[in-house]
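Participant: Following this line is run_6.tsv, made up of TSV, C-alpha atoms and all ligand atoms:
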```
chain	number	residue	atom	x	y	z
A	1	MET	CA	0.00	0.00	0.00
A	2	SER	CA	1.27	3.45	-0.88
A	3	PRO	CA	1.09	6.09	1.87
A	4	LYS	CA	-1.81	8.55	2.06
A	5	LEU	CA	-0.74	11.78	0.43
A	6	GLY	CA	-0.70	15.18	2.11
A	7	THR	CA	-3.63	17.58	1.73
A	8	ILE	CA	-3.90	21.33	1.16
A	9	ASP	CA	-5.17	21.80	4.74
A	10	GLU	CA	-1.83	20.63	6.08
A	11	LEU	CA	-0.04	23.58	4.50
A	12	PRO	CA	0.22	27.03	6.17
A	13	LYS	CA	-1.97	29.81	4.79
A	14	GLU	CA	0.99	32.13	4.33
A	15	TYR	CA	2.68	29.48	2.11
A	16	LEU	CA	-0.49	28.86	0.07
A	17	ASP	CA	-0.79	32.61	-0.58
A	18	LYS	CA	2.80	32.71	-1.83
A	19	LEU	CA	2.17	29.71	-4.10
A	20	GLU	CA	-0.87	31.44	-5.56
A	21	GLU	CA	1.05	34.61	-6.20
A	22	ALA	CA	3.81	32.65	-7.93
A	23	GLY	CA	1.25	30.81	-10.11
A	24	VAL	CA	2.14	27.33	-8.85
A	25	ALA	CA	0.37	24.60	-6.91
A	26	PRO	CA	1.49	21.46	-5.06
A	27	LEU	CA	0.91	18.28	-7.01
A	28	TRP	CA	0.53	15.84	-4.11
A	29	PRO	CA	-2.99	16.87	-2.97
A	30	MET	CA	-4.22	16.52	-6.58
A	31	MET	CA	-2.24	13.53	-7.72
A	32	ARG	CA	-4.82	10.81	-7.04
A	33	ASN	CA	-7.55	12.82	-8.81
A	34	VAL	CA	-5.73	12.51	-12.11
A	35	LEU	CA	-4.04	9.17	-11.43
A	36	PRO	CA	-6.42	6.99	-9.40
A	37	HIS	CA	-5.06	3.56	-8.63
A	38	ASN	CA	-5.88	0.61	-10.92
A	39	LEU	CA	-8.85	2.04	-12.86
A	40	PRO	CA	-9.88	5.50	-14.11
A	41	LYS	CA	-12.77	7.24	-12.30
A	42	PRO	CA	-15.01	8.39	-15.16
A	43	VAL	CA	-17.09	11.56	-14.85
A	44	THR	CA	-19.36	10.10	-17.54
A	45	LYS	CA	-22.49	8.31	-16.39
A	46	SER	CA	-24.52	5.93	-18.51
A	47	GLY	CA	-27.26	7.84	-20.36
A	48	PHE	CA	-30.49	6.72	-22.03
A	49	TRP	CA	-32.61	8.55	-24.60
A	50	ASN	CA	-36.02	7.23	-25.52
A	51	TYR	CA	-36.58	8.00	-29.19
A	52	GLY	CA	-40.29	8.78	-28.86
A	53	LYS	CA	-39.59	11.48	-26.27
A	54	VAL	CA	-36.71	13.13	-28.12
A	55	ARG	CA	-38.62	12.89	-31.42
A	56	GLU	CA	-41.55	14.84	-30.04
A	57	LEU	CA	-39.28	17.61	-28.75
A	58	LEU	CA	-37.36	17.68	-32.00
A	59	LEU	CA	-40.56	18.04	-34.05
A	60	ARG	CA	-41.47	20.96	-31.75
A	61	ALA	CA	-38.09	22.50	-32.53
A	62	GLY	CA	-39.15	22.20	-36.18
A	63	GLU	CA	-42.11	24.48	-35.41
A	64	LEU	CA	-40.22	26.85	-33.11
A	65	THR	CA	-36.96	27.36	-34.97
A	66	PRO	CA	-36.61	27.64	-38.74
A	67	VAL	CA	-33.59	25.73	-40.05
A	68	GLU	CA	-32.02	29.01	-41.23
A	69	LYS	CA	-31.89	30.11	-37.61
A	70	ALA	CA	-30.34	26.86	-36.45
A	71	GLU	CA	-27.97	25.90	-39.27
A	72	ARG	CA	-28.23	22.39	-37.82
A	73	ARG	CA	-31.52	21.73	-35.99
A	74	VAL	CA	-30.22	19.41	-33.31
A	75	LEU	CA	-31.05	18.38	-29.76
A	76	VAL	CA	-27.83	17.43	-27.99
A	77	LEU	CA	-27.72	14.20	-25.96
A	78	SER	CA	-25.87	15.30	-22.82
A	79	ASP	CA	-23.95	12.97	-20.53
A	80	PRO	CA	-25.89	12.78	-17.23
A	81	GLY	CA	-22.55	12.88	-15.40
A	82	ARG	CA	-21.86	16.36	-16.80
A	83	GLY	CA	-25.46	17.62	-16.89
A	84	VAL	CA	-27.92	18.82	-19.52
A	85	GLY	CA	-26.22	21.27	-21.87
A	86	SER	CA	-22.96	19.35	-21.83
A	87	MET	CA	-21.79	18.92	-25.43
A	88	GLN	CA	-20.65	15.38	-24.90
A	89	ALA	CA	-22.30	12.02	-24.34
A	90	THR	CA	-19.10	10.26	-23.26
A	91	SER	CA	-15.52	11.39	-22.70
A	92	SER	CA	-14.81	11.47	-26.44
A	93	ILE	CA	-18.16	11.21	-28.23
A	94	TYR	CA	-20.73	13.91	-28.95
A	95	LEU	CA	-24.26	12.77	-29.88
A	96	GLY	CA	-27.18	14.80	-31.18
A	97	MET	CA	-30.47	14.17	-32.94
A	98	GLN	CA	-31.05	16.25	-36.04
A	99	LEU	CA	-34.30	17.10	-37.83
A	100	LEU	CA	-34.71	18.18	-41.43
A	101	LEU	CA	-38.20	18.94	-42.73
A	102	PRO	CA	-39.27	18.41	-46.35
A	103	GLY	CA	-37.65	20.93	-48.68
A	104	GLU	CA	-35.21	22.20	-46.06
A	105	THR	CA	-31.45	22.37	-46.52
A	106	ALA	CA	-28.64	22.64	-43.99
A	107	PRO	CA	-25.84	24.79	-45.42
A	108	ALA	CA	-22.45	23.47	-46.54
A	109	HIS	CA	-19.57	23.64	-44.12
A	110	ARG	CA	-16.52	21.71	-43.06
A	111	HIS	CA	-14.84	21.44	-39.71
A	112	THR	CA	-11.95	19.82	-37.92
A	113	PRO	CA	-14.00	17.21	-35.97
A	114	SER	CA	-15.28	14.17	-37.87
A	115	ALA	CA	-18.94	13.18	-37.95
A	116	ALA	CA	-21.05	10.19	-38.81
A	117	ARG	CA	-24.79	9.93	-38.99
A	118	ILE	CA	-27.11	7.00	-38.40
A	119	ILE	CA	-30.44	7.56	-40.08
A	120	ILE	CA	-33.36	6.93	-37.71
A	121	GLU	CA	-36.49	7.93	-39.55
A	122	GLY	CA	-37.76	9.19	-42.90
A	123	GLU	CA	-37.09	8.95	-46.60
A	124	GLY	CA	-35.68	11.42	-49.09
A	125	GLY	CA	-32.93	12.93	-46.95
A	126	TYR	CA	-29.45	13.18	-48.38
A	127	THR	CA	-25.99	14.45	-47.50
A	128	VAL	CA	-23.57	15.82	-50.08
A	129	VAL	CA	-19.91	15.20	-49.18
A	130	ASN	CA	-17.42	16.87	-51.50
A	131	GLY	CA	-19.92	16.73	-54.34
A	132	GLU	CA	-20.94	13.09	-53.74
A	133	LYS	CA	-24.68	12.87	-53.07
A	134	LEU	CA	-25.42	10.20	-50.47
A	135	PRO	CA	-28.98	8.99	-49.97
A	136	MET	CA	-29.89	8.59	-46.29
A	137	GLU	CA	-31.96	5.49	-45.71
A	138	GLU	CA	-32.96	4.14	-42.31
A	139	GLY	CA	-30.03	2.51	-40.51
A	140	ASP	CA	-27.41	3.76	-42.98
A	141	LEU	CA	-24.11	5.05	-41.65
A	142	VAL	CA	-23.07	8.19	-43.52
A	143	LEU	CA	-19.66	9.77	-42.90
A	144	THR	CA	-18.65	13.40	-43.04
A	145	PRO	CA	-14.98	13.16	-42.04
A	146	GLY	CA	-13.07	16.14	-40.68
A	147	GLY	CA	-12.09	18.62	-43.38
A	148	GLU	CA	-14.67	17.42	-45.94
A	149	TRP	CA	-17.38	19.81	-47.15
A	150	HIS	CA	-20.88	18.62	-46.33
A	151	ASP	CA	-24.46	19.81	-46.50
A	152	HIS	CA	-27.83	18.14	-46.07
A	153	GLY	CA	-31.08	18.28	-48.02
A	154	HIS	CA	-34.49	16.64	-48.05
A	155	GLU	CA	-36.52	15.69	-51.13
A	156	GLY	CA	-39.16	13.60	-49.31
A	157	ASP	CA	-42.47	14.62	-47.81
A	158	LYS	CA	-42.13	13.63	-44.13
A	159	PRO	CA	-39.61	14.66	-41.47
A	160	VAL	CA	-36.16	13.06	-41.60
A	161	ILE	CA	-34.34	12.45	-38.32
A	162	TRP	CA	-30.85	11.13	-37.74
A	163	LEU	CA	-28.33	10.62	-34.95
A	164	ASP	CA	-25.11	12.62	-35.30
A	165	ALA	CA	-21.94	11.26	-33.69
A	166	LEU	CA	-18.85	13.47	-33.63
A	167	ASP	CA	-15.43	13.40	-31.99
A	168	LEU	CA	-16.14	17.02	-31.05
A	169	PRO	CA	-15.16	16.69	-27.33
A	170	LEU	CA	-11.60	15.82	-28.32
A	171	PHE	CA	-11.29	18.76	-30.67
A	172	VAL	CA	-12.73	21.14	-28.08
A	173	TYR	CA	-10.28	19.77	-25.51
A	174	LEU	CA	-7.41	20.28	-27.95
A	175	GLU	CA	-8.68	23.80	-28.75
A	176	GLY	CA	-8.73	22.60	-32.34
A	177	SER	CA	-12.42	22.90	-33.16
A	178	TYR	CA	-13.47	25.33	-35.89
A	179	SER	CA	-15.48	25.39	-39.10
A	180	GLU	CA	-15.62	27.13	-42.48
A	181	GLU	CA	-18.67	27.83	-44.62
A	182	THR	CA	-19.30	27.67	-48.33
A	183	GLU	CA	-22.19	27.75	-50.80
A	184	LEU	CA	-24.46	24.70	-51.01
A	185	GLN	CA	-22.70	22.09	-53.10
A	186	ILE	CA	-24.09	21.14	-56.46
A	187	PRO	CA	-23.58	17.38	-56.62
A	188	LYS	CA	-20.88	16.61	-59.16
A	189	ASN	CA	-21.32	13.73	-61.56
A	190	LYS	CA	-19.94	11.47	-58.85
A	191	PRO	CA	-22.20	8.58	-57.86
A	192	ASP	CA	-22.43	7.24	-54.32
A	193	THR	CA	-19.50	4.79	-54.07
A	194	SER	CA	-21.50	2.39	-51.85
A	195	GLN	CA	-23.76	1.77	-54.83
A	196	LEU	CA	-21.00	1.54	-57.38
A	197	GLU	CA	-17.36	1.05	-56.48
A	198	TYR	CA	-17.50	-0.77	-53.15
A	199	LEU	CA	-20.33	-3.22	-53.66
A	200	SER	CA	-18.40	-6.22	-52.39
A	201	SER	CA	-15.81	-6.73	-49.68
A	202	GLY	CA	-12.65	-8.28	-51.09
A	203	LEU	CA	-13.24	-6.67	-54.46
A	204	VAL	CA	-11.98	-3.13	-54.72
A	205	PRO	CA	-11.66	-0.94	-57.77
A	206	VAL	CA	-8.24	-1.15	-59.48
A	207	THR	CA	-7.81	2.51	-58.71
A	208	ALA	CA	-7.66	1.57	-54.99
A	209	GLY	CA	-4.43	2.54	-53.29
A	210	LYS	CA	-3.38	4.58	-56.32
A	211	ARG	CA	-5.63	7.33	-55.10
A	212	SER	CA	-3.70	8.12	-51.96
A	213	SER	CA	-5.11	11.66	-52.11
A	214	ILE	CA	-8.49	10.14	-51.20
A	215	LYS	CA	-8.50	9.51	-47.47
A	216	TYR	CA	-12.11	8.39	-47.28
A	217	PRO	CA	-13.02	6.28	-50.31
A	218	MET	CA	-16.45	5.22	-49.02
A	219	MET	CA	-18.76	7.60	-47.19
A	220	ARG	CA	-22.04	5.68	-47.02
A	221	PHE	CA	-22.52	2.19	-45.54
A	222	PRO	CA	-26.07	1.01	-46.31
A	223	TRP	CA	-27.86	-0.74	-43.46
A	224	ALA	CA	-29.31	-3.37	-45.81
A	225	LYS	CA	-25.82	-4.77	-46.34
A	226	THR	CA	-24.84	-4.76	-42.65
A	227	LYS	CA	-28.08	-6.52	-41.75
A	228	GLU	CA	-27.61	-9.15	-44.45
A	229	VAL	CA	-24.06	-9.93	-43.28
A	230	LEU	CA	-25.07	-10.17	-39.61
A	231	GLU	CA	-27.99	-12.46	-40.45
A	232	LYS	CA	-25.76	-14.74	-42.50
A	233	LEU	CA	-23.18	-14.86	-39.73
A	234	SER	CA	-25.88	-15.62	-37.21
A	235	ASN	CA	-27.29	-18.48	-39.29
A	236	ASN	CA	-23.88	-20.14	-39.22
A	237	SER	CA	-23.01	-19.64	-35.60
A	238	SER	CA	-24.27	-20.44	-32.13
A	239	ASP	CA	-22.69	-17.26	-30.77
A	240	LYS	CA	-25.11	-14.92	-29.04
A	241	ILE	CA	-23.27	-11.83	-30.27
A	242	LEU	CA	-22.29	-11.27	-33.90
A	243	SER	CA	-20.34	-8.15	-34.78
A	244	VAL	CA	-18.87	-6.50	-37.87
A	245	ASP	CA	-16.64	-3.44	-37.92
A	246	TYR	CA	-17.19	-0.69	-40.45
A	247	VAL	CA	-13.85	-0.23	-42.21
A	248	ASN	CA	-12.27	1.75	-45.00
A	249	PRO	CA	-12.52	-0.77	-47.89
A	250	GLU	CA	-9.10	0.15	-49.26
A	251	ASN	CA	-6.98	-0.33	-46.15
A	252	GLY	CA	-9.10	-2.13	-43.56
A	253	GLN	CA	-8.66	0.69	-41.04
A	254	SER	CA	-11.50	2.22	-39.04
A	255	VAL	CA	-13.71	4.46	-41.17
A	256	LEU	CA	-12.78	7.58	-39.17
A	257	PRO	CA	-9.55	8.37	-37.32
A	258	THR	CA	-10.93	8.41	-33.76
A	259	MET	CA	-14.43	6.93	-33.82
A	260	GLY	CA	-15.23	3.29	-34.50
A	261	PHE	CA	-18.53	1.81	-35.62
A	262	THR	CA	-19.52	-1.80	-35.12
A	263	GLY	CA	-22.72	-3.41	-36.38
A	264	THR	CA	-23.94	-5.92	-33.82
A	265	MET	CA	-26.64	-8.57	-33.58
A	266	LEU	CA	-27.66	-9.71	-30.09
A	267	LYS	CA	-29.67	-12.90	-29.99
A	268	LYS	CA	-32.63	-13.48	-27.72
A	269	GLY	CA	-31.61	-14.48	-24.18
A	270	LYS	CA	-29.25	-13.39	-21.43
A	271	ILE	CA	-25.79	-12.14	-22.44
A	272	LYS	CA	-23.19	-11.18	-19.86
A	273	ILE	CA	-20.20	-9.38	-21.38
A	274	ASP	CA	-17.24	-11.11	-19.74
A	275	LYS	CA	-14.79	-8.24	-20.26
A	276	ILE	CA	-14.47	-4.62	-19.30
A	277	SER	CA	-12.58	-2.32	-21.64
A	278	SER	CA	-11.06	1.14	-21.85
A	279	ILE	CA	-13.43	2.29	-24.61
A	280	SER	CA	-16.42	4.56	-24.09
A	281	SER	CA	-19.53	3.56	-26.01
A	282	ALA	CA	-22.86	4.61	-27.42
A	283	PHE	CA	-25.39	2.02	-28.60
A	284	HIS	CA	-28.06	2.93	-31.12
A	285	ILE	CA	-30.78	0.30	-31.51
A	286	ILE	CA	-31.82	-0.25	-35.11
A	287	LYS	CA	-34.32	-3.01	-34.36
A	288	GLY	CA	-35.19	-5.17	-31.36
A	289	LYS	CA	-36.19	-5.10	-27.72
A	290	GLY	CA	-34.46	-5.75	-24.43
A	291	GLU	CA	-32.77	-4.53	-21.29
A	292	THR	CA	-29.17	-3.68	-20.60
A	293	THR	CA	-27.56	-3.25	-17.20
A	294	VAL	CA	-24.65	-0.81	-17.24
A	295	ASN	CA	-22.74	-0.78	-13.93
A	296	GLY	CA	-25.85	-2.00	-12.14
A	297	LYS	CA	-28.23	0.52	-13.75
A	298	LYS	CA	-31.01	-1.11	-15.77
A	299	ILE	CA	-31.99	0.42	-19.13
A	300	THR	CA	-35.09	-0.83	-20.95
A	301	TRP	CA	-34.86	-0.08	-24.65
A	302	SER	CA	-36.46	-0.76	-28.01
A	303	ALA	CA	-35.93	0.23	-31.65
A	304	LYS	CA	-34.46	3.72	-32.30
A	305	ASP	CA	-33.43	4.30	-28.66
A	306	THR	CA	-29.86	5.26	-27.74
A	307	PHE	CA	-27.80	4.64	-24.61
A	308	THR	CA	-24.21	5.10	-23.48
A	309	ALA	CA	-21.64	3.34	-21.32
A	310	PRO	CA	-18.56	5.00	-19.78
A	311	VAL	CA	-15.08	3.46	-19.90
A	312	PHE	CA	-14.64	0.12	-18.08
A	313	SER	CA	-18.40	-0.42	-17.73
A	314	GLN	CA	-19.77	-3.79	-16.73
A	315	ILE	CA	-22.48	-4.66	-19.22
A	316	GLU	CA	-25.18	-7.33	-19.19
A	317	HIS	CA	-27.98	-7.72	-21.72
A	318	SER	CA	-31.32	-9.42	-21.46
A	319	ILE	CA	-32.59	-9.63	-25.03
A	320	GLU	CA	-36.31	-10.07	-25.56
A	321	GLU	CA	-36.28	-10.01	-29.38
A	322	ASN	CA	-33.30	-10.54	-31.68
A	323	THR	CA	-31.66	-7.12	-31.81
A	324	PHE	CA	-29.58	-5.16	-34.30
A	325	LEU	CA	-27.62	-2.14	-33.17
A	326	ILE	CA	-24.77	0.12	-34.15
A	327	HIS	CA	-22.09	0.46	-31.48
A	328	ILE	CA	-20.23	3.79	-31.63
A	329	HIS	CA	-16.93	3.81	-29.71
A	330	ASP	CA	-13.46	5.30	-29.46
A	331	LYS	CA	-11.32	2.19	-29.92
A	332	PRO	CA	-9.52	3.60	-33.00
A	333	LEU	CA	-8.43	6.64	-30.96
A	334	GLN	CA	-7.27	4.51	-28.04
A	335	GLU	CA	-5.34	2.15	-30.31
A	336	LYS	CA	-3.61	5.13	-31.91
A	337	LEU	CA	-2.70	6.42	-28.46
A	338	GLY	CA	-1.47	2.93	-27.56
A	339	TYR	CA	-3.54	2.28	-24.47
A	340	PHE	CA	-6.63	0.35	-25.57
A	341	GLU	CA	-7.18	-2.34	-22.95
A	342	GLU	CA	-9.59	-5.19	-22.17
A	343	ARG	CA	-9.75	-7.08	-18.88
A	344	SER	CA	-11.56	-10.33	-18.22
A	345	ILE	CA	-13.99	-10.22	-15.33
B	401	LIG	C1	-22.39	19.35	-37.65
B	401	LIG	O1	-21.60	19.78	-38.62
B	401	LIG	C2	-23.54	18.65	-37.95
B	401	LIG	O2	-23.15	18.70	-40.28
B	401	LIG	C3	-24.34	18.18	-36.94
B	401	LIG	O3	-25.01	17.91	-39.61
B	401	LIG	C4	-24.02	18.40	-35.63
B	401	LIG	C5	-22.56	19.38	-33.96
B	401	LIG	C6	-21.46	20.09	-33.63
B	401	LIG	C7	-20.62	20.57	-34.62
B	401	LIG	C8	-20.91	20.32	-35.95
B	401	LIG	C9	-23.92	18.41	-39.38
B	401	LIG	C10	-22.88	19.13	-35.29
B	401	LIG	C11	-22.05	19.60	-36.30
```
Please re-express this file's structure in structure tokens.
Ligand code: 1HN

Facilitator:
Amino acid sequence: MSPKLGTIDELPKEYLDKLEEAGVAPLWPMMRNVLPHNLPKPVTKSGFWNYGKVRELLLRAGELTPVEKAERRVLVLSDPGRGVGSMQATSSIYLGMQLLLPGETAPAHRHTPSAARIIIEGEGGYTVVNGEKLPMEEGDLVLTPGGEWHDHGHEGDKPVIWLDALDLPLFVYLEGSYSEETELQIPKNKPDTSQLEYLSSGLVPVTAGKRSSIKYPMMRFPWAKTKEVLEKLSNNSSDKILSVDYVNPENGQSVLPTMGFTGTMLKKGKIKIDKISSISSAFHIIKGKGETTVNGKKITWSAKDTFTAPVFSQIEHSIEENTFLIHIHDKPLQEKLGYFEERSI
């Protein structure tokens, strides 16, 4: 056992005043706050957002605030550990729900943080990324990586709602977050690569690798394909959890530098995750029904709901109906920093 460290109270007032004046502070009373023994002490608490509730409030925002006044009409999903208004859902992940009404557009901009969207509801929405027009269908994962111009539009006749996930908290922390604006992009004659060039894993266009100037070859990952793969895997396995990572089809790396996305099927029954890990997570339910216990707190969820788990959470599922979800996490960031860790429990 290491000794208990000294506290501020043990130091004379006259000395503390001199420290303050000199712009310095003793480390030892603060040391354990930043370096707790054995495991981090996350500020983040598990959060849960019922889609029906957020949807209603978002539709109200559609009546109260024209899109021109919002630029992005979003309700932010704040980490309960930091309080409502906090622009983060976990230590590294920002989440928001965005509404676009028929005929509306959200202007083109680009920024240093990377974003991905999971489409929750509605038809006819699209995102243009660097001139590539990407249809947004329910369950699709659509990327707008850092530094790439993007705008949104809506050609359908009912509201479109999606979940935004950004690595914004990191960029804010690094004081590196900023954006630039431009005119709405006119889609170039550049078809959606998910419907043309990257139709099959293992088969990539011969231009692959030769286009090193293209950092993000594929920006849209249709849900229909993820679902098909998970169902096929499930039919050939007795595993209760089937998972596929979304990767850059040219190099197998995560689709974005810091955020990872994993499509997961959870089969009916009880599933205890037998590991804890250093990643922080958000889970967006595409389809299904069940309960998840995160660090002892029970969350009852169904399709279109979203919940989070801080780093090193203990997670148990009780699945009522076979479930499909997209797991958003920060494993790519942690691997790059060299500290990703899993521990058996
Ligand atoms: C952003 O660019 C979008 O493009 C949505 O739809 C949410 C939250 C913070 C910063 C940028 C979008 C955002 C955002």

Participant: Output the neighbourhood of ligand LIG 401 (chain B) as a PyMOL selection string, that is, all protein and nucleic acid residues with some atom at most 9 Å from the ligand, counting only C-alpha atoms and all ligand atoms.

Facilitator: chain A and resi 71-74+76+87+94-98+106-111+113-117+127+144+150-152+163-166+168+177-179

Participant: Quick one, how far is CA of Lys232 in chain A from CA of Ser280 in chain A?

Facilitator: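 Rounded to one decimal, the two atoms are 28.3 Å apart.
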
Participant: Can you tell me which residues surround range 227-229 of chain A at a distance of at most 10 Å, considering all atoms listed in the file, apart from same-chain residues fewer than 2 positions away, and format the answer as a list in words?

Facilitator: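 Contacts, with the query itself left out: Gly139, Pro222, Trp223, Ala224, Lys225, Glu231, Lys232, Leu233, Ser234, Asn235, Leu242, Ser243, Val244, Gly263, Thr264, Met265, Ile286, Phe324 and Leu325 of chain A.
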
Participant: For the atom pair CA of Thr7 in chain A and CA of Pro29 in chain A, what is the interatomic distance in Å to one decimal place?

Facilitator: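 So the answer is 4.8 Å.
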
Participant: Would you mind reading off the distance between CA of Pro40 in chain A and CA of Lys331 in chain A, one decimal, in Å?

Facilitator: 16.2 Å

Participant: Leaving out Val128 in chain A and any residue of its chain fewer than 4 positions from it, which residues lie within 10 Å of it when counting only C-alpha atoms, given as a list in words?

Facilitator: Ala108, Glu132, Lys133, Leu134, Pro135, Thr144, Glu148, Trp149, His150, Asp151, His152, Gly153, Leu184, Gln185, Ile186, Pro187, Lys188, Asp192 and Met219 of chain A

Participant: From the set A:Val247, A:Leu16, A:Gly124, A:Glu321, which residue has the shortest atom-to-atom contact distance to Gly269 in chain A, counting all atoms listed in the file?

Facilitator: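 The closest residue to Gly269 in chain A is A:Glu321.
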
Participant: Here is a test: counting all atoms listed in the file, which residue of A:Thr207, A:Ser278, A:Gln314, A:Thr112 is nearest to Pro257 in chain A?

Facilitator: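 Among the listed residues, A:Thr112 lies closest to Pro257 in chain A.
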